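First comes the structure, then the notes that go with it.
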Amino acid sequence: MSEQKSKVGSAIAALVLAAVCAAGGWVGCGIYADVAAKKASAKYAAQMAAMRSQAQTVAVAEVKEMTYNLPERYVAHAEAVAEVDLLPQVDGYIKEIKFKEGDVVREGQLLYVMDDEKYEAVVGQAKADLNAAEAEARRARRYYERMEKADERGITQLERDNAEAAAEKADAAVLQAKANLVVAEYNCKKAKIFAPISGQIGKTSAHVGDYVAPSKGALAHIVQIDPIRVSFPMTDRAFLAWRKSVKAGRTDENRLRVILPDGTEYGREGEWDFDDNEMSTTTASITLRLRFANPDRLLVPGTYLTVLADLKNPPAYPSVPQTAIIDLPGGNLGVYVLREGDVVEAVPVETLPMHEGFVPVVKGLKVGQKVVVSGTRKLRSGMKVAFAEATPNEENTPGWKGKEL
């Protein structure tokens with residue numbers, strides 16, 4: 001019994017000892033962790049102090065005032081103001097072709113000459129028929145006049161009525177003959193085909209000796225090339241803003257330009273020509289058309305282009321290269337501004353979208369201040385800096401190079 005009590009006592013003592021050791025270990029661990037944290041903090045502070053005391057090599061640039069004119073871009077295509085298919089209005093053989101394929105033709109210019117002998121013959125027959133009808137009409141009219149003057153006892157009313165009807169029938173025959181002559185002369189005239197509009201003519205589908213007819217299709221196609229239209233879809237929001245500016249009488253503020261397929265700018269500004277009367281329910285856009293002078297034929301109907309819409313007198317803002325913009329805690333944008341003593345300070349800014357490699361700053365900077373444009377990765381506010389020339393970055397900032405101070 002005493003042996004069992006001795007074993008129980010030993011177990012209890014062992015448990016007590018273990019608990020004391022565990023408590024002491026936790027206390028020791030806490031003290032150790034606290035000491036380690038203080039050492040890490042002190043080390044970080046020492047590192048930051050060392051970094052601040054050691055000048056970081058950066059490149060800086062002066063904040064300059066620049067105009068901001070970010071254009072809106074629209075996919076567009078050129079289209080002819082007028083175009084026409086040359087359809088023969090009478091049938092016959094092609095006798096002459098008075099143009100070269102691809103020529104610029106003028107309105108009223110003779111293009112095709114058809115063999116018109118049969119039409120000339122029809123005109124001659126119609127003239128003869130008219131002469132005969134007029135002669136018959138004169139004879140019938142004289143006879144009716146004699147019947148009118150005759151003694152009523154010598155003729156009957158039926159004879160007088162018949163004479164009147166014959167005169168009227170002869171007059172109608174004259175009108176019919178005149179109409180036939182008009183049709184014959186019209187057909188003869190249409191044996192010559194003239195350009196109904198001015199423009200560039202395409203290839204001809206008929207040649208000298210070919211038989212052509214209205215049912216056989218067009219002979220050629222003419223498109224007007226000067227002036228020319230450029231058509232593009234404008235979004236509903238942009239169209240609403242444009243209409244409001246029109247209502248306020250500010251249409252002269254806008255500038256409309258065209259970029260050609262090779263990337264160069266067309267050297268003439270466009271004028272508003274037409275906007276559609278319905279908004280597309282699938283694209284939420286409306287079609288607008290601009291009219292451009294096109295004397296050099298650089299705008300070809302059917303070509304895809306880019307329309308740039310911006311301001312004639314754009315505003316100006318303090319601007320910095322895109323490389324100067326940094327991300328600040330909290331999701332804000334900022335720049336490192338150079339202060340006295342060659343020390344930098346992170347300053348939050350409000351910007352507009354980048355344009356031509358530069359970022360306009362609406363709030364936070366003034367013209368003439370100097371900002372870091374290269375070497376911002378390791379910078380912190382309060383650091384001292386040394387200066388070097390920035391590596392040119394024509395892709396991000398076209399035409400700009402860092403300045404050595």
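Identifiers for the structure tokens are assigned positionally: chains receive A, B, ... in sequence, residues are indexed from 1 per chain, and ligands are indexed from 1 in the order shown.
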
Residue set, region 70-183 of chain A restricted to helix (DSSP H, G or I), as a PyMOL selection string = chain A and resi 117-149+157-183

Within 7 Å of Val123 (chain A) using only C-alpha atoms, minus same-chain residues under 6 positions, as number ranges by chain | A: 181, 184-185

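Each of A:Pro348, A:Pro315, A:Gly330, A:Pro214 was compared to Thr67 (chain A) using only C-alpha atoms, and A:Pro315 turns out to be the nearest.
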
Excluding same-chain residues fewer than 2 positions from region 140-157 of chain A, what lies within 10 Å of it counting only C-alpha atoms, as an NGL selection string?
-> :A and (134-138 or 159-171)

Got a sec: who's within 7 Å of Leu333 (chain A), counting only C-alpha atoms, leaving out chain neighbours fewer than 4 positions off, as a list in words?
-> Ile325, Ile326, Asp327, Leu328, Pro348 and Val349 of chain A

Keeping only N, CA, C and O atoms, write those residues as an mmCIF file, in the first residue's frame.
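Printed below is out-v3.cif as written:
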data_model
loop_
_atom_site.group_PDB
_atom_site.id
_atom_site.type_symbol
_atom_site.label_atom_id
_atom_site.label_comp_id
_atom_site.auth_asym_id
_atom_site.auth_seq_id
_atom_site.Cartn_x
_atom_site.Cartn_y
_atom_site.Cartn_z
ATOM 1 N N ILE A 325 5.431 58.240 -63.584
ATOM 2 C CA ILE A 325 4.264 57.868 -62.785
ATOM 3 C C ILE A 325 4.545 56.595 -61.990
ATOM 4 O O ILE A 325 5.043 55.597 -62.527
ATOM 5 N N ILE A 326 4.237 56.629 -60.673
ATOM 6 C CA ILE A 326 4.431 55.475 -59.794
ATOM 7 C C ILE A 326 3.108 55.142 -59.105
ATOM 8 O O ILE A 326 2.182 55.956 -59.076
ATOM 9 N N ASP A 327 3.028 53.935 -58.578
ATOM 10 C CA ASP A 327 1.870 53.497 -57.806
ATOM 11 C C ASP A 327 2.121 53.766 -56.328
ATOM 12 O O ASP A 327 3.133 53.344 -55.773
ATOM 13 N N LEU A 328 1.190 54.443 -55.677
ATOM 14 C CA LEU A 328 1.276 54.732 -54.259
ATOM 15 C C LEU A 328 0.387 53.773 -53.473
ATOM 16 O O LEU A 328 -0.540 53.168 -54.040
ATOM 17 N N PRO A 348 1.152 62.577 -54.443
ATOM 18 C CA PRO A 348 0.014 62.025 -55.201
ATOM 19 C C PRO A 348 -0.436 63.003 -56.282
ATOM 20 O O PRO A 348 -0.402 64.222 -56.092
ATOM 21 N N VAL A 349 -0.885 62.472 -57.403
ATOM 22 C CA VAL A 349 -1.331 63.307 -58.519
ATOM 23 C C VAL A 349 -2.620 62.734 -59.103
ATOM 24 O O VAL A 349 -2.914 61.555 -58.957
#

If you run DSSP on the backbone, which residues of region 119-281 of chain A are strand (DSSP E), as a PyMOL selection string?
-> chain A and resi 192-194+199-201+211-212+220-223+228-235+254-259+271-275

If we count only C-alpha atoms, what is near Leu70 (chain A) at a cut-off of 10 Å, once residues fewer than 4 positions away on the same chain are taken out, given as a VMD selection string?
-> chain A and resid 308 to 311 314 352 to 356

Dump as a compact mmCIF listing (two decimals), in the first residue's frame, selection limited to N, CA and C atoms:
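Output below, filename result00.txt:
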# COMPACT_ATOMS: atom_id res chain seq x y z
N LEU A 308 -10.09 60.67 -86.88
CA LEU A 308 -9.68 61.23 -85.60
C LEU A 308 -10.52 62.47 -85.32
N ALA A 309 -11.16 62.49 -84.16
CA ALA A 309 -11.98 63.63 -83.75
C ALA A 309 -11.35 64.24 -82.50
N ASP A 310 -10.88 65.49 -82.59
CA ASP A 310 -10.31 66.17 -81.43
C ASP A 310 -10.69 67.64 -81.48
N LEU A 311 -9.96 68.48 -80.72
CA LEU A 311 -10.29 69.91 -80.59
C LEU A 311 -9.33 70.76 -81.40
N PRO A 314 -6.99 72.90 -78.11
CA PRO A 314 -6.98 72.03 -76.94
C PRO A 314 -6.43 72.73 -75.70
N LEU A 352 -4.77 62.54 -66.47
CA LEU A 352 -5.61 62.16 -67.60
C LEU A 352 -4.92 61.02 -68.35
N PRO A 353 -5.61 60.33 -69.25
CA PRO A 353 -4.96 59.25 -70.00
C PRO A 353 -3.73 59.74 -70.77
N MET A 354 -2.72 58.88 -70.86
CA MET A 354 -1.49 59.22 -71.55
C MET A 354 -1.75 59.52 -73.01
N HIS A 355 -1.03 60.50 -73.55
CA HIS A 355 -1.15 60.86 -74.96
C HIS A 355 0.24 61.19 -75.48
N GLU A 356 0.68 60.44 -76.51
CA GLU A 356 1.97 60.63 -77.15
C GLU A 356 3.12 60.53 -76.15

Which value, in Å to one decimal, gives the distance between CA of Phe232 (chain A) and CA of Leu256 (chain A)?
-> 11.8 Å

If we count only C-alpha atoms and set the cut-off at 12 Å, which residues sit around Asp115 (chain A), ignoring sequence neighbours fewer than 4 positions away in its own chain? Please answer as a PDB file with all heavy atoms, in the first residue's frame.
ATOM      1  N   VAL A  90     -31.178  51.828-125.641  1.00  0.00           N
ATOM      2  CA  VAL A  90     -31.643  51.219-126.889  1.00  0.00           C
ATOM      3  C   VAL A  90     -30.654  50.112-127.245  1.00  0.00           C
ATOM      4  O   VAL A  90     -29.527  50.066-126.722  1.00  0.00           O
ATOM      5  CB  VAL A  90     -31.727  52.253-128.032  1.00  0.00           C
ATOM      6  CG1 VAL A  90     -32.795  53.294-127.744  1.00  0.00           C
ATOM      7  CG2 VAL A  90     -30.370  52.920-128.261  1.00  0.00           C
ATOM      8  N   ASP A  91     -31.068  49.235-128.109  1.00  0.00           N
ATOM      9  CA  ASP A  91     -30.181  48.152-128.521  1.00  0.00           C
ATOM     10  C   ASP A  91     -29.468  48.521-129.817  1.00  0.00           C
ATOM     11  O   ASP A  91     -29.948  49.370-130.587  1.00  0.00           O
ATOM     12  CB  ASP A  91     -30.973  46.858-128.693  1.00  0.00           C
ATOM     13  CG  ASP A  91     -32.009  46.966-129.793  1.00  0.00           C
ATOM     14  OD1 ASP A  91     -32.948  47.787-129.645  1.00  0.00           O
ATOM     15  OD2 ASP A  91     -31.881  46.259-130.795  1.00  0.00           O
ATOM     16  N   GLY A  92     -28.324  47.888-130.041  1.00  0.00           N
ATOM     17  CA  GLY A  92     -27.576  48.161-131.262  1.00  0.00           C
ATOM     18  C   GLY A  92     -26.124  47.741-131.107  1.00  0.00           C
ATOM     19  O   GLY A  92     -25.702  47.196-130.074  1.00  0.00           O
ATOM     20  N   TYR A  93     -25.342  48.010-132.140  1.00  0.00           N
ATOM     21  CA  TYR A  93     -23.928  47.657-132.149  1.00  0.00           C
ATOM     22  C   TYR A  93     -23.077  48.870-131.755  1.00  0.00           C
ATOM     23  O   TYR A  93     -23.370  49.997-132.163  1.00  0.00           O
ATOM     24  CB  TYR A  93     -23.519  47.161-133.539  1.00  0.00           C
ATOM     25  CG  TYR A  93     -24.116  45.821-133.887  1.00  0.00           C
ATOM     26  CD1 TYR A  93     -25.312  45.757-134.601  1.00  0.00           C
ATOM     27  CD2 TYR A  93     -23.493  44.646-133.510  1.00  0.00           C
ATOM     28  CE1 TYR A  93     -25.876  44.535-134.930  1.00  0.00           C
ATOM     29  CE2 TYR A  93     -24.056  43.411-133.828  1.00  0.00           C
ATOM     30  CZ  TYR A  93     -25.236  43.360-134.526  1.00  0.00           C
ATOM     31  OH  TYR A  93     -25.797  42.150-134.842  1.00  0.00           O
ATOM     32  N   ILE A  94     -22.012  48.619-130.953  1.00  0.00           N
ATOM     33  CA  ILE A  94     -21.092  49.689-130.555  1.00  0.00           C
ATOM     34  C   ILE A  94     -20.260  50.092-131.768  1.00  0.00           C
ATOM     35  O   ILE A  94     -19.588  49.254-132.386  1.00  0.00           O
ATOM     36  CB  ILE A  94     -20.182  49.244-129.401  1.00  0.00           C
ATOM     37  CG1 ILE A  94     -21.016  48.918-128.154  1.00  0.00           C
ATOM     38  CG2 ILE A  94     -19.155  50.336-129.089  1.00  0.00           C
ATOM     39  CD1 ILE A  94     -21.726  50.092-127.549  1.00  0.00           C
ATOM     40  N   LYS A  95     -20.302  51.380-132.085  1.00  0.00           N
ATOM     41  CA  LYS A  95     -19.563  51.898-133.242  1.00  0.00           C
ATOM     42  C   LYS A  95     -18.255  52.557-132.816  1.00  0.00           C
ATOM     43  O   LYS A  95     -17.222  52.382-133.477  1.00  0.00           O
ATOM     44  CB  LYS A  95     -20.446  52.904-133.984  1.00  0.00           C
ATOM     45  CG  LYS A  95     -19.860  53.429-135.284  1.00  0.00           C
ATOM     46  CD  LYS A  95     -20.871  54.355-135.954  1.00  0.00           C
ATOM     47  CE  LYS A  95     -20.316  54.904-137.252  1.00  0.00           C
ATOM     48  NZ  LYS A  95     -21.292  55.806-137.926  1.00  0.00           N
ATOM     49  N   GLU A  96     -18.280  53.318-131.688  1.00  0.00           N
ATOM     50  CA  GLU A  96     -17.076  53.989-131.194  1.00  0.00           C
ATOM     51  C   GLU A  96     -17.098  54.021-129.666  1.00  0.00           C
ATOM     52  O   GLU A  96     -18.173  54.059-129.044  1.00  0.00           O
ATOM     53  CB  GLU A  96     -16.999  55.432-131.704  1.00  0.00           C
ATOM     54  CG  GLU A  96     -16.758  55.590-133.184  1.00  0.00           C
ATOM     55  CD  GLU A  96     -16.652  57.067-133.563  1.00  0.00           C
ATOM     56  OE1 GLU A  96     -15.581  57.658-133.336  1.00  0.00           O
ATOM     57  OE2 GLU A  96     -17.670  57.616-134.043  1.00  0.00           O
ATOM     58  N   ILE A  97     -15.904  54.019-129.060  1.00  0.00           N
ATOM     59  CA  ILE A  97     -15.741  54.238-127.606  1.00  0.00           C
ATOM     60  C   ILE A  97     -14.844  55.454-127.455  1.00  0.00           C
ATOM     61  O   ILE A  97     -13.699  55.463-127.940  1.00  0.00           O
ATOM     62  CB  ILE A  97     -15.143  53.006-126.912  1.00  0.00           C
ATOM     63  CG1 ILE A  97     -16.107  51.816-127.032  1.00  0.00           C
ATOM     64  CG2 ILE A  97     -14.859  53.314-125.442  1.00  0.00           C
ATOM     65  CD1 ILE A  97     -15.574  50.541-126.398  1.00  0.00           C
ATOM     66  N   TYR A 119     -32.198  53.993-136.483  1.00  0.00           N
ATOM     67  CA  TYR A 119     -32.951  55.000-135.719  1.00  0.00           C
ATOM     68  C   TYR A 119     -33.128  56.279-136.539  1.00  0.00           C
ATOM     69  O   TYR A 119     -34.159  56.954-136.449  1.00  0.00           O
ATOM     70  CB  TYR A 119     -32.246  55.281-134.394  1.00  0.00           C
ATOM     71  CG  TYR A 119     -32.184  54.060-133.505  1.00  0.00           C
ATOM     72  CD1 TYR A 119     -30.985  53.397-133.281  1.00  0.00           C
ATOM     73  CD2 TYR A 119     -33.329  53.545-132.911  1.00  0.00           C
ATOM     74  CE1 TYR A 119     -30.918  52.264-132.472  1.00  0.00           C
ATOM     75  CE2 TYR A 119     -33.286  52.420-132.115  1.00  0.00           C
ATOM     76  CZ  TYR A 119     -32.071  51.781-131.899  1.00  0.00           C
ATOM     77  OH  TYR A 119     -32.033  50.653-131.131  1.00  0.00           O
ATOM     78  N   GLU A 120     -32.122  56.615-137.352  1.00  0.00           N
ATOM     79  CA  GLU A 120     -32.268  57.753-138.258  1.00  0.00           C
ATOM     80  C   GLU A 120     -33.384  57.474-139.273  1.00  0.00           C
ATOM     81  O   GLU A 120     -34.170  58.370-139.615  1.00  0.00           O
ATOM     82  CB  GLU A 120     -30.949  58.005-138.989  1.00  0.00           C
ATOM     83  CG  GLU A 120     -29.843  58.568-138.117  1.00  0.00           C
ATOM     84  CD  GLU A 120     -30.048  60.035-137.810  1.00  0.00           C
ATOM     85  OE1 GLU A 120     -31.046  60.620-138.274  1.00  0.00           O
ATOM     86  OE2 GLU A 120     -29.212  60.602-137.074  1.00  0.00           O
ATOM     87  N   ALA A 121     -33.442  56.211-139.729  1.00  0.00           N
ATOM     88  CA  ALA A 121     -34.494  55.854-140.681  1.00  0.00           C
ATOM     89  C   ALA A 121     -35.870  55.965-140.048  1.00  0.00           C
ATOM     90  O   ALA A 121     -36.835  56.443-140.685  1.00  0.00           O
ATOM     91  CB  ALA A 121     -34.261  54.434-141.204  1.00  0.00           C
ATOM     92  N   ASN A 187     -34.958  57.812-129.369  1.00  0.00           N
ATOM     93  CA  ASN A 187     -34.179  56.593-129.573  1.00  0.00           C
ATOM     94  C   ASN A 187     -32.901  56.874-130.363  1.00  0.00           C
ATOM     95  O   ASN A 187     -31.841  56.296-130.073  1.00  0.00           O
ATOM     96  CB  ASN A 187     -35.014  55.545-130.294  1.00  0.00           C
ATOM     97  CG  ASN A 187     -36.118  54.980-129.408  1.00  0.00           C
ATOM     98  OD1 ASN A 187     -36.022  55.018-128.173  1.00  0.00           O
ATOM     99  ND2 ASN A 187     -37.186  54.471-130.027  1.00  0.00           N
ATOM    100  N   CYS A 188     -33.010  57.752-131.334  1.00  0.00           N
ATOM    101  CA  CYS A 188     -31.827  58.098-132.119  1.00  0.00           C
ATOM    102  C   CYS A 188     -30.790  58.825-131.262  1.00  0.00           C
ATOM    103  O   CYS A 188     -29.584  58.589-131.370  1.00  0.00           O
ATOM    104  CB  CYS A 188     -32.240  58.973-133.308  1.00  0.00           C
ATOM    105  SG  CYS A 188     -30.918  59.263-134.498  1.00  0.00           S
ATOM    106  N   LYS A 189     -31.306  59.714-130.403  1.00  0.00           N
ATOM    107  CA  LYS A 189     -30.405  60.437-129.505  1.00  0.00           C
ATOM    108  C   LYS A 189     -29.721  59.488-128.533  1.00  0.00           C
ATOM    109  O   LYS A 189     -28.535  59.652-128.215  1.00  0.00           O
ATOM    110  CB  LYS A 189     -31.201  61.501-128.741  1.00  0.00           C
ATOM    111  CG  LYS A 189     -30.390  62.302-127.755  1.00  0.00           C
ATOM    112  CD  LYS A 189     -31.269  63.321-127.042  1.00  0.00           C
ATOM    113  CE  LYS A 189     -30.467  64.100-125.998  1.00  0.00           C
ATOM    114  NZ  LYS A 189     -31.327  65.069-125.260  1.00  0.00           N
ATOM    115  N   LYS A 190     -30.435  58.464-128.019  1.00  0.00           N
ATOM    116  CA  LYS A 190     -29.882  57.532-127.033  1.00  0.00           C
ATOM    117  C   LYS A 190     -28.893  56.553-127.650  1.00  0.00           C
ATOM    118  O   LYS A 190     -28.280  55.762-126.931  1.00  0.00           O
ATOM    119  CB  LYS A 190     -31.009  56.765-126.345  1.00  0.00           C
ATOM    120  CG  LYS A 190     -31.871  57.644-125.449  1.00  0.00           C
ATOM    121  CD  LYS A 190     -31.009  58.368-124.426  1.00  0.00           C
ATOM    122  CE  LYS A 190     -31.824  59.324-123.577  1.00  0.00           C
ATOM    123  NZ  LYS A 190     -30.984  60.062-122.591  1.00  0.00           N
ATOM    124  N   ALA A 191     -28.724  56.615-128.960  1.00  0.00           N
ATOM    125  CA  ALA A 191     -27.665  55.823-129.582  1.00  0.00           C
ATOM    126  C   ALA A 191     -26.295  56.392-129.244  1.00  0.00           C
ATOM    127  O   ALA A 191     -25.273  55.743-129.479  1.00  0.00           O
ATOM    128  CB  ALA A 191     -27.862  55.759-131.095  1.00  0.00           C
ATOM    129  N   LYS A 192     -26.262  57.601-128.713  1.00  0.00           N
ATOM    130  CA  LYS A 192     -25.029  58.191-128.165  1.00  0.00           C
ATOM    131  C   LYS A 192     -25.179  58.240-126.648  1.00  0.00           C
ATOM    132  O   LYS A 192     -26.184  58.737-126.136  1.00  0.00           O
ATOM    133  CB  LYS A 192     -24.802  59.596-128.723  1.00  0.00           C
ATOM    134  CG  LYS A 192     -24.480  59.633-130.209  1.00  0.00           C
ATOM    135  CD  LYS A 192     -24.219  61.065-130.651  1.00  0.00           C
ATOM    136  CE  LYS A 192     -23.759  61.131-132.106  1.00  0.00           C
ATOM    137  NZ  LYS A 192     -24.788  60.686-133.060  1.00  0.00           N
ATOM    138  N   ILE A 193     -24.179  57.721-125.929  1.00  0.00           N
ATOM    139  CA  ILE A 193     -24.244  57.625-124.467  1.00  0.00           C
ATOM    140  C   ILE A 193     -23.268  58.630-123.876  1.00  0.00           C
ATOM    141  O   ILE A 193     -22.060  58.589-124.162  1.00  0.00           O
ATOM    142  CB  ILE A 193     -23.914  56.195-123.997  1.00  0.00           C
ATOM    143  CG1 ILE A 193     -24.915  55.213-124.607  1.00  0.00           C
ATOM    144  CG2 ILE A 193     -23.930  56.111-122.477  1.00  0.00           C
ATOM    145  CD1 ILE A 193     -24.604  53.762-124.308  1.00  0.00           C
ATOM    146  N   VAL A 208     -15.969  47.809-129.373  1.00  0.00           N
ATOM    147  CA  VAL A 208     -16.444  48.157-130.709  1.00  0.00           C
ATOM    148  C   VAL A 208     -16.886  46.878-131.432  1.00  0.00           C
ATOM    149  O   VAL A 208     -16.146  45.883-131.482  1.00  0.00           O
ATOM    150  CB  VAL A 208     -15.353  48.879-131.505  1.00  0.00           C
ATOM    151  CG1 VAL A 208     -15.804  49.101-132.953  1.00  0.00           C
ATOM    152  CG2 VAL A 208     -15.013  50.207-130.848  1.00  0.00           C
ATOM    153  N   GLY A 209     -18.094  46.907-131.966  1.00  0.00           N
ATOM    154  CA  GLY A 209     -18.642  45.762-132.677  1.00  0.00           C
ATOM    155  C   GLY A 209     -19.556  44.901-131.841  1.00  0.00           C
ATOM    156  O   GLY A 209     -20.284  44.062-132.391  1.00  0.00           O
ATOM    157  N   ASP A 210     -19.538  45.081-130.516  1.00  0.00           N
ATOM    158  CA  ASP A 210     -20.413  44.287-129.656  1.00  0.00           C
ATOM    159  C   ASP A 210     -21.854  44.776-129.763  1.00  0.00           C
ATOM    160  O   ASP A 210     -22.114  45.982-129.909  1.00  0.00           O
ATOM    161  CB  ASP A 210     -19.957  44.371-128.201  1.00  0.00           C
ATOM    162  CG  ASP A 210     -18.682  43.592-127.939  1.00  0.00           C
ATOM    163  OD1 ASP A 210     -18.301  42.786-128.813  1.00  0.00           O
ATOM    164  OD2 ASP A 210     -18.064  43.792-126.869  1.00  0.00           O
ATOM    165  N   TYR A 211     -22.783  43.807-129.668  1.00  0.00           N
ATOM    166  CA  TYR A 211     -24.200  44.151-129.654  1.00  0.00           C
ATOM    167  C   TYR A 211     -24.624  44.339-128.196  1.00  0.00           C
ATOM    168  O   TYR A 211     -24.396  43.478-127.350  1.00  0.00           O
ATOM    169  CB  TYR A 211     -25.023  43.041-130.297  1.00  0.00           C
ATOM    170  CG  TYR A 211     -26.505  43.333-130.330  1.00  0.00           C
ATOM    171  CD1 TYR A 211     -27.041  44.163-131.309  1.00  0.00           C
ATOM    172  CD2 TYR A 211     -27.362  42.779-129.373  1.00  0.00           C
ATOM    173  CE1 TYR A 211     -28.395  44.435-131.353  1.00  0.00           C
ATOM    174  CE2 TYR A 211     -28.726  43.041-129.408  1.00  0.00           C
ATOM    175  CZ  TYR A 211     -29.237  43.869-130.387  1.00  0.00           C
ATOM    176  OH  TYR A 211     -30.580  44.141-130.419  1.00  0.00           O
ATOM    177  N   VAL A 212     -25.246  45.458-127.899  1.00  0.00           N
ATOM    178  CA  VAL A 212     -25.651  45.778-126.531  1.00  0.00           C
ATOM    179  C   VAL A 212     -27.145  46.049-126.507  1.00  0.00           C
ATOM    180  O   VAL A 212     -27.742  46.431-127.522  1.00  0.00           O
ATOM    181  CB  VAL A 212     -24.873  46.980-125.966  1.00  0.00           C
ATOM    182  CG1 VAL A 212     -23.386  46.679-125.882  1.00  0.00           C
ATOM    183  CG2 VAL A 212     -25.123  48.236-126.794  1.00  0.00           C
TER     184      VAL A 212
END

Name all residues at most 12 Å from region 277-284 of chain A (count only C-alpha atoms; drop same-chain ones fewer than 4 positions away) and give them as an MDAnalysis selection string.
-> chainID A and resid 233:240 288

Can you list every residue of region 288-337 of chain A that has an atom at most 12 Å from region 263-267 of chain A, with its nearest atom pair and the distance in Å to one decimal, using only C-alpha atoms, ordered by chain then number, as a Markdown table?
| residue | atom | partner | partner_atom | distance |
| --- | --- | --- | --- | --- |
| A:Phe292 | CA | A:Tyr266 | CA | 9.8 |
| A:Ala293 | CA | A:Gly267 | CA | 10.1 |
| A:Asn294 | CA | A:Tyr266 | CA | 9.8 |
| A:Pro295 | CA | A:Gly267 | CA | 11.5 |
| A:Asp296 | CA | A:Gly267 | CA | 10.7 |
| A:Arg297 | CA | A:Tyr266 | CA | 11.1 |
| A:Leu298 | CA | A:Tyr266 | CA | 8.2 |
| A:Leu299 | CA | A:Tyr266 | CA | 8.7 |
| A:Tyr304 | CA | A:Gly263 | CA | 11.6 |
| A:Leu305 | CA | A:Gly263 | CA | 9.3 |
| A:Thr306 | CA | A:Gly263 | CA | 9.0 |
| A:Val307 | CA | A:Glu265 | CA | 9.8 |
| A:Leu308 | CA | A:Glu265 | CA | 9.7 |

Just write the chosen residues, N, CA and C atoms, as a PDB file, in the first residue's frame.
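What ended up in result28.pdb:
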ATOM      1  N   PHE A 292     -14.969  65.378 -97.901  1.00  0.00           N
ATOM      2  CA  PHE A 292     -13.599  65.834 -98.072  1.00  0.00           C
ATOM      3  C   PHE A 292     -13.343  66.197 -99.529  1.00  0.00           C
ATOM      4  N   ALA A 293     -12.595  67.270 -99.732  1.00  0.00           N
ATOM      5  CA  ALA A 293     -12.063  67.535-101.068  1.00  0.00           C
ATOM      6  C   ALA A 293     -11.020  66.453-101.378  1.00  0.00           C
ATOM      7  N   ASN A 294     -11.009  65.976-102.632  1.00  0.00           N
ATOM      8  CA  ASN A 294     -10.139  64.849-102.978  1.00  0.00           C
ATOM      9  C   ASN A 294      -9.503  65.060-104.354  1.00  0.00           C
ATOM     10  N   PRO A 295      -8.827  66.204-104.556  1.00  0.00           N
ATOM     11  CA  PRO A 295      -8.282  66.476-105.895  1.00  0.00           C
ATOM     12  C   PRO A 295      -7.167  65.523-106.304  1.00  0.00           C
ATOM     13  N   ASP A 296      -6.430  64.979-105.326  1.00  0.00           N
ATOM     14  CA  ASP A 296      -5.314  64.081-105.641  1.00  0.00           C
ATOM     15  C   ASP A 296      -5.720  62.612-105.664  1.00  0.00           C
ATOM     16  N   ARG A 297      -6.993  62.328-105.429  1.00  0.00           N
ATOM     17  CA  ARG A 297      -7.540  60.967-105.477  1.00  0.00           C
ATOM     18  C   ARG A 297      -6.830  60.024-104.491  1.00  0.00           C
ATOM     19  N   LEU A 298      -6.439  60.565-103.324  1.00  0.00           N
ATOM     20  CA  LEU A 298      -5.838  59.720-102.291  1.00  0.00           C
ATOM     21  C   LEU A 298      -6.896  58.911-101.546  1.00  0.00           C
ATOM     22  N   LEU A 299      -8.119  59.425-101.529  1.00  0.00           N
ATOM     23  CA  LEU A 299      -9.230  58.705-100.911  1.00  0.00           C
ATOM     24  C   LEU A 299      -9.982  57.955-102.005  1.00  0.00           C
ATOM     25  N   TYR A 304     -10.758  51.396 -96.291  1.00  0.00           N
ATOM     26  CA  TYR A 304     -10.939  51.546 -94.850  1.00  0.00           C
ATOM     27  C   TYR A 304      -9.945  52.568 -94.313  1.00  0.00           C
ATOM     28  N   LEU A 305     -10.437  53.465 -93.458  1.00  0.00           N
ATOM     29  CA  LEU A 305      -9.658  54.575 -92.931  1.00  0.00           C
ATOM     30  C   LEU A 305      -9.872  54.676 -91.428  1.00  0.00           C
ATOM     31  N   THR A 306      -9.179  55.626 -90.811  1.00  0.00           N
ATOM     32  CA  THR A 306      -9.377  55.947 -89.405  1.00  0.00           C
ATOM     33  C   THR A 306      -9.726  57.426 -89.287  1.00  0.00           C
ATOM     34  N   VAL A 307     -10.822  57.741 -88.618  1.00  0.00           N
ATOM     35  CA  VAL A 307     -11.219  59.127 -88.374  1.00  0.00           C
ATOM     36  C   VAL A 307     -10.766  59.529 -86.978  1.00  0.00           C
ATOM     37  N   LEU A 308     -10.093  60.669 -86.879  1.00  0.00           N
ATOM     38  CA  LEU A 308      -9.678  61.234 -85.598  1.00  0.00           C
ATOM     39  C   LEU A 308     -10.520  62.474 -85.323  1.00  0.00           C
TER      40      LEU A 308
END

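Candidate residues A:Val320, A:Leu158, A:Leu86, A:Val373 were compared for distance to Glu65 (chain A), and the nearest is A:Val320, using only C-alpha atoms.
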